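What follows is one structure encoded as structure tokens, with my remarks underneath.
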Amino acid sequence: NNISTAGVSASEIPDGFSLAGPNSGGGSGGGPSDAAAEQAKQRQVQREAILEQAMTPDALARLRRVKLVKKDRASAVEGMIANLAMQGKLDSKISEGKLIEMLEGIVGAQQKKEGDKGKISIQRKRYNFDSDDDDDDDDLL
């Protein structure tokens, strides 16, 4: 599997590809996007470390499950917890119950902001012949 790239010019390489080999990690031609991706990855690792220190294992497991379903809510709670931890406002580790309260608070705030946009209401049709209130089945006797 020795592939030589000595005779290939940059103009011959299709968009999205580089001269780097399959095991070299993407090459050095990425420039600023590689640095931005690396910084984002580093911030995510730092945030995970803060969350692991600030939360109980049960709460952390619940947050990860919530993140699978409601990514925006989970990231909002993660941000809140990270900010509280960095400001030193956490007295103890966040329990599962406290996490649930925080999630409910975010849900309430989002519902106030959205109004009836995300609400589902079901209206059932009522028919005159379907009412049980005025029929006492006396006519069947």
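Each chain of the structure tokens is named A, B, ... in the order shown, its residues numbered from 1; ligands are numbered from 1 in display order.
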Do a neighbour search on stretch 49-55 of chain A at 8 Å with only C-alpha atoms, toss out local chain neighbours closer than 6 positions, and write the hits as a short mmCIF file (atom, residue, chain, number, x, y, z; two decimals) with N, CA and C atoms, in the first residue's frame.
data_model
loop_
_atom_site.label_atom_id
_atom_site.label_comp_id
_atom_site.auth_asym_id
_atom_site.auth_seq_id
_atom_site.Cartn_x
_atom_site.Cartn_y
_atom_site.Cartn_z
N GLU A 78 -26.37 22.35 30.22
CA GLU A 78 -24.92 22.21 30.33
C GLU A 78 -24.27 23.58 30.49
N ILE A 81 -24.92 24.93 34.03
CA ILE A 81 -24.12 24.25 35.04
C ILE A 81 -22.66 24.66 34.93
N ALA A 82 -22.14 24.74 33.70
CA ALA A 82 -20.74 25.15 33.50
C ALA A 82 -20.52 26.57 34.02
N ALA A 85 -20.55 26.54 37.81
CA ALA A 85 -19.34 25.91 38.34
C ALA A 85 -18.13 26.85 38.21
N LEU A 90 -21.73 26.81 42.95
CA LEU A 90 -22.28 25.49 43.29
C LEU A 90 -21.79 25.09 44.67
N SER A 92 -22.77 22.17 46.24
CA SER A 92 -22.54 20.72 46.20
C SER A 92 -22.79 20.24 44.78
N LYS A 93 -22.60 18.94 44.58
CA LYS A 93 -22.83 18.39 43.25
C LYS A 93 -24.33 18.43 42.92
N ILE A 94 -24.62 18.61 41.66
CA ILE A 94 -26.01 18.68 41.21
C ILE A 94 -26.57 17.26 41.14
N SER A 95 -27.65 17.05 41.85
CA SER A 95 -28.29 15.74 41.88
C SER A 95 -29.26 15.60 40.70
#
Practice task
Grab the atom CA of A:Ala109 to atom CA of A:Glu96 distance for me, in Å with one decimal place.
Solution key: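 These atoms are spaced 20.0 Å apart.
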Practice task
Would you kindly return, as an MDAnalysis selection string, each protein, DNA or RNA residue with an atom no farther than 10 Å from any atom of A:Arg65, considering only C-alpha atoms and excluding same-chain residues fewer than 6 positions away?
Solution key: chainID A and resid 59 71 74
Just to be explicit: take each residue in the selection above, keep all heavy atoms, and write the result as a PDB file, in the first residue's frame.
ATOM      1  N   ALA A  59     -27.165  12.052  37.717  1.00  0.00           N
ATOM      2  CA  ALA A  59     -27.583  13.266  37.019  1.00  0.00           C
ATOM      3  C   ALA A  59     -26.881  13.368  35.668  1.00  0.00           C
ATOM      4  O   ALA A  59     -27.492  13.755  34.664  1.00  0.00           O
ATOM      5  CB  ALA A  59     -27.285  14.492  37.869  1.00  0.00           C
ATOM      6  N   LYS A  71     -31.465  17.984  22.203  1.00  0.00           N
ATOM      7  CA  LYS A  71     -30.103  18.492  22.231  1.00  0.00           C
ATOM      8  C   LYS A  71     -30.045  19.955  22.693  1.00  0.00           C
ATOM      9  O   LYS A  71     -29.148  20.341  23.438  1.00  0.00           O
ATOM     10  CB  LYS A  71     -29.484  18.349  20.845  1.00  0.00           C
ATOM     11  CG  LYS A  71     -28.005  18.434  20.836  1.00  0.00           C
ATOM     12  CD  LYS A  71     -27.463  18.024  19.483  1.00  0.00           C
ATOM     13  CE  LYS A  71     -26.054  17.531  19.671  1.00  0.00           C
ATOM     14  NZ  LYS A  71     -25.803  16.205  19.248  1.00  0.00           N
ATOM     15  N   ALA A  74     -30.591  20.162  26.521  1.00  0.00           N
ATOM     16  CA  ALA A  74     -29.434  19.624  27.233  1.00  0.00           C
ATOM     17  C   ALA A  74     -28.257  20.591  27.163  1.00  0.00           C
ATOM     18  O   ALA A  74     -27.572  20.816  28.172  1.00  0.00           O
ATOM     19  CB  ALA A  74     -29.042  18.273  26.657  1.00  0.00           C
TER      20      ALA A  74
END
Exercise for the section: Can you work out the spacing between atom CA of A:Lys98 and atom CA of A:Val45 in Å, to one decimal? Expected result: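 Atom-to-atom, atom CA of A:Lys98 and atom CA of A:Val45 are spaced 23.2 Å apart.
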So which bits of stretch 49-118 of chain A end up alpha helix (DSSP H) when you DSSP the backbone, as a PDB file with C-alpha atoms, in the first residue's frame?
ATOM      1  CA  ALA A  49     -14.765  17.653  32.660  1.00  0.00           C
ATOM      2  CA  ILE A  50     -16.607  20.486  34.428  1.00  0.00           C
ATOM      3  CA  LEU A  51     -19.916  18.598  34.190  1.00  0.00           C
ATOM      4  CA  GLU A  52     -18.359  15.413  35.582  1.00  0.00           C
ATOM      5  CA  GLN A  53     -17.046  17.352  38.582  1.00  0.00           C
ATOM      6  CA  ALA A  54     -20.247  19.333  39.151  1.00  0.00           C
ATOM      7  CA  PRO A  57     -23.219  10.131  38.158  1.00  0.00           C
ATOM      8  CA  ASP A  58     -27.014   9.651  38.051  1.00  0.00           C
ATOM      9  CA  ALA A  59     -27.583  13.266  37.019  1.00  0.00           C
ATOM     10  CA  LEU A  60     -24.859  13.052  34.381  1.00  0.00           C
ATOM     11  CA  ALA A  61     -26.403   9.883  32.958  1.00  0.00           C
ATOM     12  CA  ARG A  62     -29.839  11.546  32.808  1.00  0.00           C
ATOM     13  CA  LEU A  63     -28.384  14.607  31.091  1.00  0.00           C
ATOM     14  CA  ARG A  64     -26.768  12.397  28.452  1.00  0.00           C
ATOM     15  CA  ARG A  65     -30.107  10.647  27.834  1.00  0.00           C
ATOM     16  CA  VAL A  66     -31.863  14.003  27.511  1.00  0.00           C
ATOM     17  CA  LYS A  67     -29.162  15.108  25.092  1.00  0.00           C
ATOM     18  CA  LEU A  68     -30.051  12.228  22.777  1.00  0.00           C
ATOM     19  CA  VAL A  69     -33.633  13.480  22.476  1.00  0.00           C
ATOM     20  CA  LYS A  71     -30.103  18.492  22.231  1.00  0.00           C
ATOM     21  CA  ASP A  72     -30.994  22.187  22.635  1.00  0.00           C
ATOM     22  CA  ARG A  73     -32.377  21.745  26.149  1.00  0.00           C
ATOM     23  CA  ALA A  74     -29.434  19.624  27.233  1.00  0.00           C
ATOM     24  CA  SER A  75     -26.913  22.129  25.898  1.00  0.00           C
ATOM     25  CA  ALA A  76     -28.748  24.967  27.664  1.00  0.00           C
ATOM     26  CA  VAL A  77     -28.558  23.084  30.978  1.00  0.00           C
ATOM     27  CA  GLU A  78     -24.917  22.215  30.335  1.00  0.00           C
ATOM     28  CA  GLY A  79     -24.175  25.884  29.798  1.00  0.00           C
ATOM     29  CA  MET A  80     -25.969  26.854  32.999  1.00  0.00           C
ATOM     30  CA  ILE A  81     -24.116  24.247  35.040  1.00  0.00           C
ATOM     31  CA  ALA A  82     -20.743  25.148  33.504  1.00  0.00           C
ATOM     32  CA  ASN A  83     -21.305  28.848  34.224  1.00  0.00           C
ATOM     33  CA  LEU A  84     -22.360  28.156  37.808  1.00  0.00           C
ATOM     34  CA  ALA A  85     -19.337  25.915  38.341  1.00  0.00           C
ATOM     35  CA  MET A  86     -16.874  28.416  36.869  1.00  0.00           C
ATOM     36  CA  GLN A  87     -18.343  31.225  38.982  1.00  0.00           C
ATOM     37  CA  GLU A  96     -30.738  14.149  39.478  1.00  0.00           C
ATOM     38  CA  GLY A  97     -33.650  15.965  41.160  1.00  0.00           C
ATOM     39  CA  LYS A  98     -31.950  19.352  40.793  1.00  0.00           C
ATOM     40  CA  LEU A  99     -31.218  18.561  37.141  1.00  0.00           C
ATOM     41  CA  ILE A 100     -34.902  17.777  36.568  1.00  0.00           C
ATOM     42  CA  GLU A 101     -35.837  21.130  38.143  1.00  0.00           C
ATOM     43  CA  MET A 102     -33.389  22.925  35.861  1.00  0.00           C
ATOM     44  CA  LEU A 103     -34.780  21.135  32.803  1.00  0.00           C
ATOM     45  CA  GLU A 104     -38.345  22.003  33.800  1.00  0.00           C
ATOM     46  CA  GLY A 105     -37.311  25.625  34.241  1.00  0.00           C
ATOM     47  CA  ILE A 106     -35.839  25.706  30.757  1.00  0.00           C
ATOM     48  CA  VAL A 107     -38.937  24.048  29.309  1.00  0.00           C
ATOM     49  CA  GLY A 108     -41.125  26.659  31.020  1.00  0.00           C
ATOM     50  CA  ALA A 109     -38.968  29.502  29.735  1.00  0.00           C
ATOM     51  CA  GLN A 110     -39.051  28.110  26.197  1.00  0.00           C
ATOM     52  CA  GLN A 111     -42.829  27.713  26.318  1.00  0.00           C
ATOM     53  CA  LYS A 112     -43.268  31.318  27.456  1.00  0.00           C
ATOM     54  CA  LYS A 113     -41.012  32.482  24.648  1.00  0.00           C
ATOM     55  CA  GLU A 114     -42.703  30.372  21.965  1.00  0.00           C
TER      56      GLU A 114
END
